[in-house]
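Trainee: Got a structure here, written out as structure tokens. Questions coming.
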Amino acid sequence: MAQQMGNQPLIVLSDDSQRTSGKDAQSMNITAGQAVAESVRTTLGPKGMDKMLVSDAGDVVVTNDGVTILSEMDIEHPAANMIVEVAETQEDEVGDGTTTAVVEAGELLEEAEELLDQDIHATTLAQGYREAAEEAKSILEESAIEVDESDTETLQHIAATAMTGKGAESARDLLAELVVSAVTAVSDDEGVDTDNVKVEKAVGGSVDESELVEGVIIDKERVHDNMPYFKEDADVALLDSAIEVKETEIDAEVNVTDPDQLQEFLDQEEAQLEEMVDQLTEVGADVVFCQNGIDDMAQHYLAENGILAVRRAKSSDMNRLARATGGRVVSNLDDITEDDLGYAGSVAERDIAGDQRIFVEDVNDAKAVTLILRGGTEHVVDEVERAIEDSLGVVRVTLEDNKVLPGGGAPETELSLGLRDYADSVGGREQLAVEAFADAIDVIPRTLAENAGLDPIDSLVDLRSKHDGGDTTTGLDAYTGEVVDMEAEGVVEPLRVKTQAIESATEAAVMILRIDDVIAAGDLAGRHGRYGWHGRHDVGSPHFLRGSHSLRLRSPAKTWEKDRYRIRTATTPRPHCSATAPAPHRLVRSNRFLCT
């Protein structure tokens, strides 16, 4: 890039750099955002399809969880990554609604592109979108239904709704009950920390055999075979220091000239280790969990005293043990007292799916619990775990906010109608942006209908008719195709799922629309091609995504059809190559050419 200054050119960018400006840059970024949204759109709703993702190493993931799909795809396009961040933010803040947020962001970009083609300025669109988002949150707040934290039935409905359409749906009633019990157990005055709900996976059996343990399961086993397998009414000691002889902080060398001197050193070490074990015995410890190592000789003394010991426990497990047993993690063994010990009615080593683990159960007040998830295959268990994580998140959010909304596209239909009324009060060209926002929100009920094999136009008409009549809780039943009362059917979601999706989608769309210049450094331009970036993303084959597949975006000429997201077939000659290669319908990282 060069600018003329007087009679001399001013070099600003190197020859290897690439710059895309104006509408070409906007079009390229919008295309990337739409492509990402389209890749997960078919997973939305109770009848959404799954995706199979295969990494370069051959690892397989089968899921319809939006954030999992996008993270596994490892997209490289910078604008597309902004849409991925929408899903990640939704996952971190709420735990569910990731696909909804991404699909809404993609639809906002598509609606904006049509207005940009009509010479509506990007800043005008951004302002209109922000105003629409604020009004949308107000409408959702007014439509929210109050929920009491003691309403266990509604909480179970919320947990079950989050699992609908995922691999755990066959046992969602049981799992929803377990999730609500787990979250309410770890809830305290400071709120709900779902990290205190540990999830253990066990391949074997069916999902119906999943269970909740009111206590902690440690993925470890006894450090010595002579230790007891089981301790009843156990006093539990928690240590984050090693039961080993301390080493000197500086390098030291001791010259031994007599074998008796060496024996004295060894005897002294044994005496120190025995003294450490005696300290644990004197305070009455029956079980010891140590975050660091335990010397072999100390293991022997612990076994002799009938103490069950575990070494190198994770820091997170130690914190859960402290909450579950009421004990205190001690840093210095010399300072341990009886008051530092926790209590568990049962501590035992058991077998789960061929692995030995330590069960700490029958505690006085289980402020840390463990969910054991079972399934016939590893892929099934992994998908059940993802469903459980989503459910834990939505139940936590509900307990914090005490507000829910009906599902089935009901809030989006209400938003669409409310925003169209609101648009009449907005002056200037921003009114067009607000109307476009309302049209974009319709993508959720429309997609629910499409994924269920229903006619989207008929479904939208029926929904709008009901909402115009005042039935604000009516949504689409994907199983029957009927428009029913979602609140009465028990299909409800936390208010924050919807508000966070609106906020994240709007912010991402506005940021992308305001970009009118893309400058790629020389190494990026060379690595990602002349016309854009490559990301591991296969739009042409949405039900099979391979880790090595990529998204090729070209500007100014688009290489895909806007409505169908399909790659056009073309024969593209390459310089210095002895053959031409037809561009396939599926997106691939690169074509192989025989170059001379």
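To be explicit about the labels: the chains of the structure tokens are called A, B, and onward in the order shown, and within each one the residues are counted from 1, while ligands get numbers from 1 in the order they are shown.
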For Thr194 of chain A, please output as a PyMOL selection string all residues within 8 Å (counting only C-alpha atoms; exclusion window: fewer than 5 positions along the same chain).
Mentor: chain A and resi 183+186+392-393+396
Trainee: Pick out each residue of segment 303-404 of chain A that DSSP on the backbone tags as helix (DSSP H, G or I); I need them as a ChimeraX atom specification.
Mentor: /A:303-304,315-325,333-335,338-340,378-401
Trainee: Would you list the contacts of Gly191 of chain A as number ranges by chain, taking every protein, DNA or RNA residue within 12 Å and counting only C-alpha atoms, but skipping same-chain residues closer than 6 positions in sequence?
Mentor: A: 149, 183-185, 367, 395-401
Trainee: Please, what distance in Å, to one decimal, runs between atom CA of Gly22 of chain A and atom CA of Asp516 of chain A?
Mentor: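 Answer for the atom CA of Gly22 of chain A to atom CA of Asp516 of chain A separation: 4.8 Å.
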Trainee: How far is it from atom CA of Val426 of chain A to atom CA of Leu115 of chain A, in Å with one decimal?
Mentor: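 One can read the atom CA of Val426 of chain A to atom CA of Leu115 of chain A distance as 16.6 Å.
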Trainee: Write out as a list in words all residues of segment 402-479 of chain A that DSSP puts in strand (DSSP E) for this structure's backbone.
Mentor: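 Restricting segment 402-479 of chain A to strand (DSSP E) produces Lys403, Val404, Leu405, Pro406, Thr474, Gly475 and Leu476 of chain A.
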Trainee: Which residue gives the smallest distance to Val497 of chain A among A:Gln299, A:Thr99, A:Ser71, A:Thr42, with only C-alpha atoms counted?
Mentor: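 Distance minimum relative to Val497 of chain A lands on A:Thr99.
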Trainee: Any idea what the distance is between atom CA of Gly408 of chain A and atom CA of Gln34 of chain A?
Mentor: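 Between atom CA of Gly408 of chain A and atom CA of Gln34 of chain A the gap works out to 23.2 Å.
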Trainee: Pick from A:Asp24, A:Glu93, A:Glu146, A:Glu135: nearest to Arg420 of chain A, with only C-alpha atoms counted?
Mentor: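 With only C-alpha atoms as the atom set, the closest residue is A:Glu135.
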Trainee: Which residue out of A:Glu111, A:Asp74, A:Asp477, A:Glu221 has the minimum interatomic distance to Asp442 of chain A when only C-alpha atoms are used?
Mentor: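 Selected residue with least distance to Asp442 of chain A: A:Glu111.
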Trainee: Could you tell me which of A:Gly481, A:Gly375, A:Pro46, A:Gly284 comes closest to Ser210 of chain A if we count only C-alpha atoms?
Mentor: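 Selected residue with least distance to Ser210 of chain A: A:Gly375.
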Trainee: If we count only C-alpha atoms and set the cut-off at 8 Å, which residues sit around Ala387 of chain A, ignoring sequence neighbours fewer than 4 positions away in its own chain? Please answer as a ChimeraX atom specification.
Mentor: /A:162-163,166-168,383,391
Trainee: Which residues come within 8 Å of Val223 of chain A, counting only C-alpha atoms, excluding same-chain residues fewer than 3 positions away, as number ranges by chain?
Mentor: A: 227, 299, 309-311
Trainee: Within 10 Å of segment 199-201 of chain A, counting only C-alpha atoms, which residues qualify if same-chain residues fewer than 3 places away don't, as a list of chain:residue names?
Mentor: A:Asp195, A:Asn196, A:Gly204, A:Ser210, A:Leu212, A:Val216, A:Ile217, A:Ile218, A:Asp219, A:Ile352, A:Ala353, A:Val369, A:Thr370, A:Leu371, A:Ile372, A:Leu373, A:Arg374, A:Gly375, A:Glu378, A:Val381, A:Asp382, A:Val384, A:Glu385, A:Ile388, A:Glu389
Trainee: Do you know which residues are at most 12 Å from Leu454 of chain A counting only C-alpha atoms, after dropping those on the same chain fewer than 2 positions away, and could you put them as a list in words?
Mentor: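 Selected residues are Lys47, Pro445, Arg446, Thr447, Leu448, Ala449, Glu450, Asn451, Ala452, Pro456, Ile457, Asp458, Ser459, Leu460, Leu476, Asp477, Ala478, Tyr479, Thr480, Gly481, Glu482 and Val483 of chain A.
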Trainee: Pick the closest to Tyr301 of chain A from A:Asn364, A:Glu253, A:Asn226, A:Thr161: which is it, counting only C-alpha atoms?
Mentor: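 Closest to Tyr301 of chain A of all the choices is A:Asn226.
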